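Novice: So that we are looking at the same thing, I have put the structure below in structure tokens.
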Amino acid sequence: MERVFWVACPQCTGRFFADYEELRFADVDLICPFCEASFPVEESPEIDDRPAH
Amino acid sequence: MNKDLGQFLDRLAQQRPDDLHVVEREVRPADFDVTALLENLDRANMYPTVLFERPHDVCGDASRFRLVSNVFATRERCALALDLPVEDAGLPLGLEFARRETRSMPALVIPRAEAPVAANAATGASASLHRLPMVRHHEMDLGPVLTMALVLKDPDDGFYDVSFIKLFHNKEPRRTVITIHSPHLLRILEKYEHRGQRAPFVYVLGHHPAFYLGSLAMTPFGTNDYDAVGGFLGEPLRLTPSETWGDDILVPADAEIVVEGEIIPGERAIADPFGEVTGHYQAQCLRPVGEVTAITHRDDAIMQDIFPGHRGHWNLGGIPKEGSIFNAVERKFGGVRGVHMPYSGCSRFACYVSIEKREEGRAKMVGMEVLTHTKFLSVVVIVDEEIDPYNESDVIWAVLTQTDLERDVTVVKNAESFFFTAMGRSKLIIDATRPTDYAFPATNRIPAAALERMRVDEWLADRSVQGGGWSR
């Protein structure tokens, strides 16, 4: 099973998720689908990257 | 007369007028107007094709294009697209699909002056995706998305490969992020990338539905899909030189709108989330970037869209596989009575197969064969020939009453899979056929002669009840 992680947009607090392998530790800004703000993962006020059991 | 989308819609209006609804009011596809209406229809168990006469473009201005969606949302319309009677919308449709996979027809090249799609061309800064009535489908989607078919030409052998691919809206009007999942298109793209070359792409935004059904044929790598599509259209696909590359890259002449562009080697940008076929969003990820070079369209063009994760999307994946699975299993074992990829499994994850059970253990063998046919599948249920695989209630009845969990359920672990579901890499084979190697109760049955004697159309021809008079 692929792994994902959830973030919250620091601008609008909208929550969405991204591909763990490609983006969890990549030097790439995520884009919020709700307000189009770009931000690094670590600026997310919450990160849920718990793996599947 | 050459087949195109407008001709199909005319035929629908004449032969099945209830199958086509027209919305004349202005709608904002990028603000969920289109998918909200389709979702409300879906909740009412209504699946008409819907033609929006006055959609807005991404900028909020009136678009010069009309917009149509839900074309593939019933199997009956898919049958009509292949010139089959609607009564053949069940298994015969899948079998006809499999037959046409082997009936390739060489494409026909015509001059641009004769090609409807070349009637209008925008190049340079005018080639703006923002002028299209792009649809934003689901709440968490990254933005509006084009959902139709992309064409790449193999740089070595010159064949064209066509498959459904998403193009994402971008703030820059000539830039897009392209999410390619098709293994064949990925192989071709890798060739360009290894050479550091831009990959010319053609995006077909509207054509006769048989064009798109043909693009899904399960043909081997190296097949010229333009020729394969002809087998589904029942006539050679007409092509014409592209606006950007001329004779080097050909485009479908009878398309509604064609977007031409180039995929930049090695460049990746953010794509997704996007509400996918599974009913879940695809996670945000990195995908190749394309630059638009031209947009051409016929007069009064109609842009086509798919409602992802709904019946049209499901039919496009399920119907092609039903026929090819039937043929593969029949060749190997014989005795196959029906194959169905149900909507409950998004026409991707689950497959119900009914067989004439000739010996104990046969069902499990059939299940293993089906599982290896496509990596999309997670669950295969085998039922007896008396069970109609299109009647899901009967299939589940067979599972609940005839399956011994100790021996008839097989979990295959760590097998190649495609979609993100909680089943992960595990797959399931369920033998729901009636056991034959020990004493087992018989299924309730009405004598066949009595069923024939008491036909509904004969005994209840006049079902009207007037007046009542039974209360005492």
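Labels used: A, B, ... for chains in the order of the structure tokens, numbers from 1 for residues in each chain, and numbers from 1 for ligands as shown.
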Taking the chain letters and numbering used in this document, name the residues of region 188-249 of chain B that DSSP puts in strand (DSSP E or B), as a ChimeraX atom specification.
Specialist: /B:199-204,238-242,246-249
Novice: Determine which residues of chain B sit within 8 Å of chain A, taking into account only C-alpha atoms, and present them as a ChimeraX atom specification.
Specialist: /B:140-143,270,273,283-286,420-425
Novice: Excluding same-chain residues fewer than 4 positions from Asp19 (chain B), what lies within 9 Å of it counting only C-alpha atoms, as a list in words?
Specialist: Leu12, Ala13, Gln15, Tyr47, Pro48, Thr49, Val50 and Arg77 of chain B
Novice: Can I get the selected residues back with N, CA and C atoms, as a PDB file, in the first residue's frame?
Specialist:
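Written out: part_24.pdb:
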ATOM      1  N   LEU B  12     -28.278  10.392 -30.717  1.00  0.00           N
ATOM      2  CA  LEU B  12     -28.852  10.209 -29.382  1.00  0.00           C
ATOM      3  C   LEU B  12     -30.178  10.966 -29.271  1.00  0.00           C
ATOM      4  N   ALA B  13     -30.184  12.186 -29.746  1.00  0.00           N
ATOM      5  CA  ALA B  13     -31.396  13.009 -29.667  1.00  0.00           C
ATOM      6  C   ALA B  13     -32.551  12.371 -30.445  1.00  0.00           C
ATOM      7  N   GLN B  15     -32.773   8.952 -31.365  1.00  0.00           N
ATOM      8  CA  GLN B  15     -33.116   7.579 -30.991  1.00  0.00           C
ATOM      9  C   GLN B  15     -33.412   7.406 -29.500  1.00  0.00           C
ATOM     10  N   TYR B  47     -28.747   9.121 -15.374  1.00  0.00           N
ATOM     11  CA  TYR B  47     -27.408   9.200 -15.963  1.00  0.00           C
ATOM     12  C   TYR B  47     -27.433   9.703 -17.408  1.00  0.00           C
ATOM     13  N   PRO B  48     -28.136  10.802 -17.688  1.00  0.00           N
ATOM     14  CA  PRO B  48     -28.167  11.284 -19.062  1.00  0.00           C
ATOM     15  C   PRO B  48     -26.842  11.943 -19.450  1.00  0.00           C
ATOM     16  N   THR B  49     -26.574  11.989 -20.750  1.00  0.00           N
ATOM     17  CA  THR B  49     -25.540  12.884 -21.247  1.00  0.00           C
ATOM     18  C   THR B  49     -26.056  14.307 -21.062  1.00  0.00           C
ATOM     19  N   VAL B  50     -25.194  15.203 -20.592  1.00  0.00           N
ATOM     20  CA  VAL B  50     -25.630  16.589 -20.379  1.00  0.00           C
ATOM     21  C   VAL B  50     -24.767  17.525 -21.223  1.00  0.00           C
ATOM     22  N   ARG B  77     -25.464   3.553 -23.884  1.00  0.00           N
ATOM     23  CA  ARG B  77     -24.871   4.551 -24.797  1.00  0.00           C
ATOM     24  C   ARG B  77     -23.536   4.059 -25.345  1.00  0.00           C
TER      25      ARG B  77
END
Novice: Enter the distance from CA of Pro183 (chain B) to CA of Leu108 (chain B), in Å, rounded to one decimal.
Specialist: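 Separation between CA of Pro183 (chain B) and CA of Leu108 (chain B): 26.7 Å.
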Novice: Choose the residue, out of B:Asn327, B:Lys364, B:Glu260, B:Ala81, that has the smallest atom-to-atom separation from Phe8 (chain B); count only C-alpha atoms.
Specialist: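 Closest to Phe8 (chain B), using only C-alpha atoms: B:Ala81.
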Novice: Run DSSP on the backbone and grab whatever in region 208-305 of chain B lands in helix (DSSP H, G or I); send it over as a PyMOL selection string.
Specialist: chain B and resi 209-215+225-233
Novice: What's the 12 Å shell around Gly335 (chain B), counting only C-alpha atoms, without same-chain residues fewer than 4 positions away, as a PyMOL selection string?
Specialist: chain B and resi 326-331+339+353-359+362-363+366+383-385
Novice: Keeping N, CA, C and O atoms for every residue in the selection just given, could you write it to a file as a PDB file, in the first residue's frame?
Specialist:
ATOM      1  N   PHE B 326     -13.204 -12.569 -20.427  1.00  0.00           N
ATOM      2  CA  PHE B 326     -14.040 -13.680 -20.898  1.00  0.00           C
ATOM      3  C   PHE B 326     -13.263 -14.536 -21.895  1.00  0.00           C
ATOM      4  O   PHE B 326     -13.197 -15.767 -21.766  1.00  0.00           O
ATOM      5  N   ASN B 327     -12.657 -13.892 -22.873  1.00  0.00           N
ATOM      6  CA  ASN B 327     -11.955 -14.651 -23.906  1.00  0.00           C
ATOM      7  C   ASN B 327     -10.776 -15.428 -23.324  1.00  0.00           C
ATOM      8  O   ASN B 327     -10.533 -16.582 -23.694  1.00  0.00           O
ATOM      9  N   ALA B 328     -10.038 -14.804 -22.411  1.00  0.00           N
ATOM     10  CA  ALA B 328      -8.858 -15.473 -21.839  1.00  0.00           C
ATOM     11  C   ALA B 328      -9.262 -16.699 -21.033  1.00  0.00           C
ATOM     12  O   ALA B 328      -8.645 -17.770 -21.144  1.00  0.00           O
ATOM     13  N   VAL B 329     -10.305 -16.569 -20.208  1.00  0.00           N
ATOM     14  CA  VAL B 329     -10.719 -17.689 -19.352  1.00  0.00           C
ATOM     15  C   VAL B 329     -11.394 -18.780 -20.191  1.00  0.00           C
ATOM     16  O   VAL B 329     -11.180 -19.979 -19.965  1.00  0.00           O
ATOM     17  N   GLU B 330     -12.177 -18.370 -21.165  1.00  0.00           N
ATOM     18  CA  GLU B 330     -12.851 -19.352 -22.018  1.00  0.00           C
ATOM     19  C   GLU B 330     -11.825 -20.177 -22.794  1.00  0.00           C
ATOM     20  O   GLU B 330     -11.969 -21.394 -22.936  1.00  0.00           O
ATOM     21  N   ARG B 331     -10.787 -19.494 -23.293  1.00  0.00           N
ATOM     22  CA  ARG B 331      -9.739 -20.212 -24.032  1.00  0.00           C
ATOM     23  C   ARG B 331      -9.082 -21.261 -23.146  1.00  0.00           C
ATOM     24  O   ARG B 331      -8.776 -22.369 -23.596  1.00  0.00           O
ATOM     25  N   VAL B 339     -19.060 -12.496 -17.434  1.00  0.00           N
ATOM     26  CA  VAL B 339     -18.011 -11.767 -16.719  1.00  0.00           C
ATOM     27  C   VAL B 339     -18.514 -10.344 -16.499  1.00  0.00           C
ATOM     28  O   VAL B 339     -19.003  -9.713 -17.437  1.00  0.00           O
ATOM     29  N   VAL B 353     -17.487 -13.692 -12.087  1.00  0.00           N
ATOM     30  CA  VAL B 353     -17.431 -14.614 -13.231  1.00  0.00           C
ATOM     31  C   VAL B 353     -18.366 -15.778 -12.957  1.00  0.00           C
ATOM     32  O   VAL B 353     -18.281 -16.408 -11.892  1.00  0.00           O
ATOM     33  N   SER B 354     -19.271 -16.066 -13.884  1.00  0.00           N
ATOM     34  CA  SER B 354     -20.124 -17.253 -13.729  1.00  0.00           C
ATOM     35  C   SER B 354     -19.617 -18.341 -14.669  1.00  0.00           C
ATOM     36  O   SER B 354     -19.263 -18.070 -15.821  1.00  0.00           O
ATOM     37  N   ILE B 355     -19.560 -19.560 -14.129  1.00  0.00           N
ATOM     38  CA  ILE B 355     -19.004 -20.677 -14.904  1.00  0.00           C
ATOM     39  C   ILE B 355     -19.895 -21.914 -14.783  1.00  0.00           C
ATOM     40  O   ILE B 355     -20.660 -22.063 -13.830  1.00  0.00           O
ATOM     41  N   GLU B 356     -19.766 -22.759 -15.761  1.00  0.00           N
ATOM     42  CA  GLU B 356     -20.309 -24.110 -15.643  1.00  0.00           C
ATOM     43  C   GLU B 356     -19.268 -24.900 -14.847  1.00  0.00           C
ATOM     44  O   GLU B 356     -18.156 -25.143 -15.337  1.00  0.00           O
ATOM     45  N   LYS B 357     -19.622 -25.256 -13.616  1.00  0.00           N
ATOM     46  CA  LYS B 357     -18.634 -25.892 -12.737  1.00  0.00           C
ATOM     47  C   LYS B 357     -18.536 -27.373 -13.075  1.00  0.00           C
ATOM     48  O   LYS B 357     -19.416 -28.162 -12.725  1.00  0.00           O
ATOM     49  N   ARG B 358     -17.464 -27.741 -13.712  1.00  0.00           N
ATOM     50  CA  ARG B 358     -17.330 -29.124 -14.167  1.00  0.00           C
ATOM     51  C   ARG B 358     -16.660 -30.011 -13.127  1.00  0.00           C
ATOM     52  O   ARG B 358     -16.788 -31.224 -13.179  1.00  0.00           O
ATOM     53  N   GLU B 359     -15.899 -29.405 -12.235  1.00  0.00           N
ATOM     54  CA  GLU B 359     -15.290 -30.204 -11.168  1.00  0.00           C
ATOM     55  C   GLU B 359     -14.925 -29.302 -10.004  1.00  0.00           C
ATOM     56  O   GLU B 359     -14.730 -28.096 -10.182  1.00  0.00           O
ATOM     57  N   ARG B 362     -12.308 -26.087  -9.761  1.00  0.00           N
ATOM     58  CA  ARG B 362     -12.220 -25.342 -11.014  1.00  0.00           C
ATOM     59  C   ARG B 362     -12.386 -23.828 -10.768  1.00  0.00           C
ATOM     60  O   ARG B 362     -11.705 -23.004 -11.367  1.00  0.00           O
ATOM     61  N   ALA B 363     -13.296 -23.490  -9.857  1.00  0.00           N
ATOM     62  CA  ALA B 363     -13.572 -22.064  -9.614  1.00  0.00           C
ATOM     63  C   ALA B 363     -12.320 -21.336  -9.153  1.00  0.00           C
ATOM     64  O   ALA B 363     -12.044 -20.209  -9.583  1.00  0.00           O
ATOM     65  N   VAL B 366     -10.027 -20.750 -12.062  1.00  0.00           N
ATOM     66  CA  VAL B 366     -10.531 -19.646 -12.886  1.00  0.00           C
ATOM     67  C   VAL B 366     -10.216 -18.311 -12.199  1.00  0.00           C
ATOM     68  O   VAL B 366      -9.770 -17.345 -12.841  1.00  0.00           O
ATOM     69  N   VAL B 383     -19.033 -17.648  -9.476  1.00  0.00           N
ATOM     70  CA  VAL B 383     -20.362 -18.174  -9.133  1.00  0.00           C
ATOM     71  C   VAL B 383     -20.780 -19.207 -10.183  1.00  0.00           C
ATOM     72  O   VAL B 383     -20.171 -19.316 -11.250  1.00  0.00           O
ATOM     73  N   ASP B 384     -21.849 -19.942  -9.850  1.00  0.00           N
ATOM     74  CA  ASP B 384     -22.365 -20.954 -10.786  1.00  0.00           C
ATOM     75  C   ASP B 384     -23.060 -20.299 -11.964  1.00  0.00           C
ATOM     76  O   ASP B 384     -23.444 -19.132 -11.916  1.00  0.00           O
ATOM     77  N   GLU B 385     -23.276 -21.106 -12.996  1.00  0.00           N
ATOM     78  CA  GLU B 385     -23.853 -20.550 -14.219  1.00  0.00           C
ATOM     79  C   GLU B 385     -25.281 -20.034 -14.025  1.00  0.00           C
ATOM     80  O   GLU B 385     -25.742 -19.205 -14.802  1.00  0.00           O
TER      81      GLU B 385
END
Novice: Got a sec: who's within 9 Å of Glu43 (chain A), counting only C-alpha atoms, leaving out chain neighbours fewer than 4 positions off, as a list in words?
Specialist: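 Close residues of Glu43 (chain A): Ala8, Cys9, Pro10 and Phe39 of chain A.
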Novice: In Å, how far is it from CA of Pro320 (chain B) to CA of Ala217 (chain B)?
Specialist: 6.4 Å
Novice: So how many Å separate CA of Thr244 (chain B) and CA of Leu129 (chain B), to one decimal?
Specialist: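 CA of Thr244 (chain B) sits 16.1 Å away from CA of Leu129 (chain B).
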Novice: Determine, counting only C-alpha atoms, which protein, DNA and RNA residues have an atom within 10 Å of an atom of Val229 (chain B); residues of the same chain fewer than 6 positions away are not included. Present the result as a ChimeraX atom specification.
Specialist: /B:100-101,103-107,162,210-217,235-237
Novice: Using only C-alpha atoms, determine which residues lie at most 7 Å from Trp314 (chain B), disregarding the query and same-chain residues fewer than 6 positions distant; provide the list as a list in words.
Specialist: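 My reading of the contact set: Val277, Tyr343, Cys346 and Ser347 of chain B.
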Novice: Keeping N, CA, C and O atoms, export the residues of the selection given above as a PDB file, in the first residue's frame.
Specialist:
ATOM      1  N   VAL B 277     -10.900   7.563  -9.909  1.00  0.00           N
ATOM      2  CA  VAL B 277     -11.861   6.507 -10.258  1.00  0.00           C
ATOM      3  C   VAL B 277     -12.274   5.690  -9.046  1.00  0.00           C
ATOM      4  O   VAL B 277     -13.372   5.149  -8.975  1.00  0.00           O
ATOM      5  N   TYR B 343     -20.099  -1.861 -10.757  1.00  0.00           N
ATOM      6  CA  TYR B 343     -19.888  -0.471 -10.329  1.00  0.00           C
ATOM      7  C   TYR B 343     -19.415  -0.407  -8.877  1.00  0.00           C
ATOM      8  O   TYR B 343     -18.675   0.498  -8.500  1.00  0.00           O
ATOM      9  N   CYS B 346     -16.010  -0.025  -8.688  1.00  0.00           N
ATOM     10  CA  CYS B 346     -15.563   1.033  -9.609  1.00  0.00           C
ATOM     11  C   CYS B 346     -15.199   0.457 -10.982  1.00  0.00           C
ATOM     12  O   CYS B 346     -14.409   1.042 -11.725  1.00  0.00           O
ATOM     13  N   SER B 347     -15.732  -0.709 -11.298  1.00  0.00           N
ATOM     14  CA  SER B 347     -15.424  -1.426 -12.548  1.00  0.00           C
ATOM     15  C   SER B 347     -13.921  -1.616 -12.733  1.00  0.00           C
ATOM     16  O   SER B 347     -13.415  -1.701 -13.851  1.00  0.00           O
TER      17      SER B 347
END
Novice: From the options B:Ala199, B:Cys59, B:Ile325, B:Ile446, which residue's atoms come nearest to Leu95 (chain B), counting only C-alpha atoms?
Specialist: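 Nearest to Leu95 (chain B): B:Ile325.
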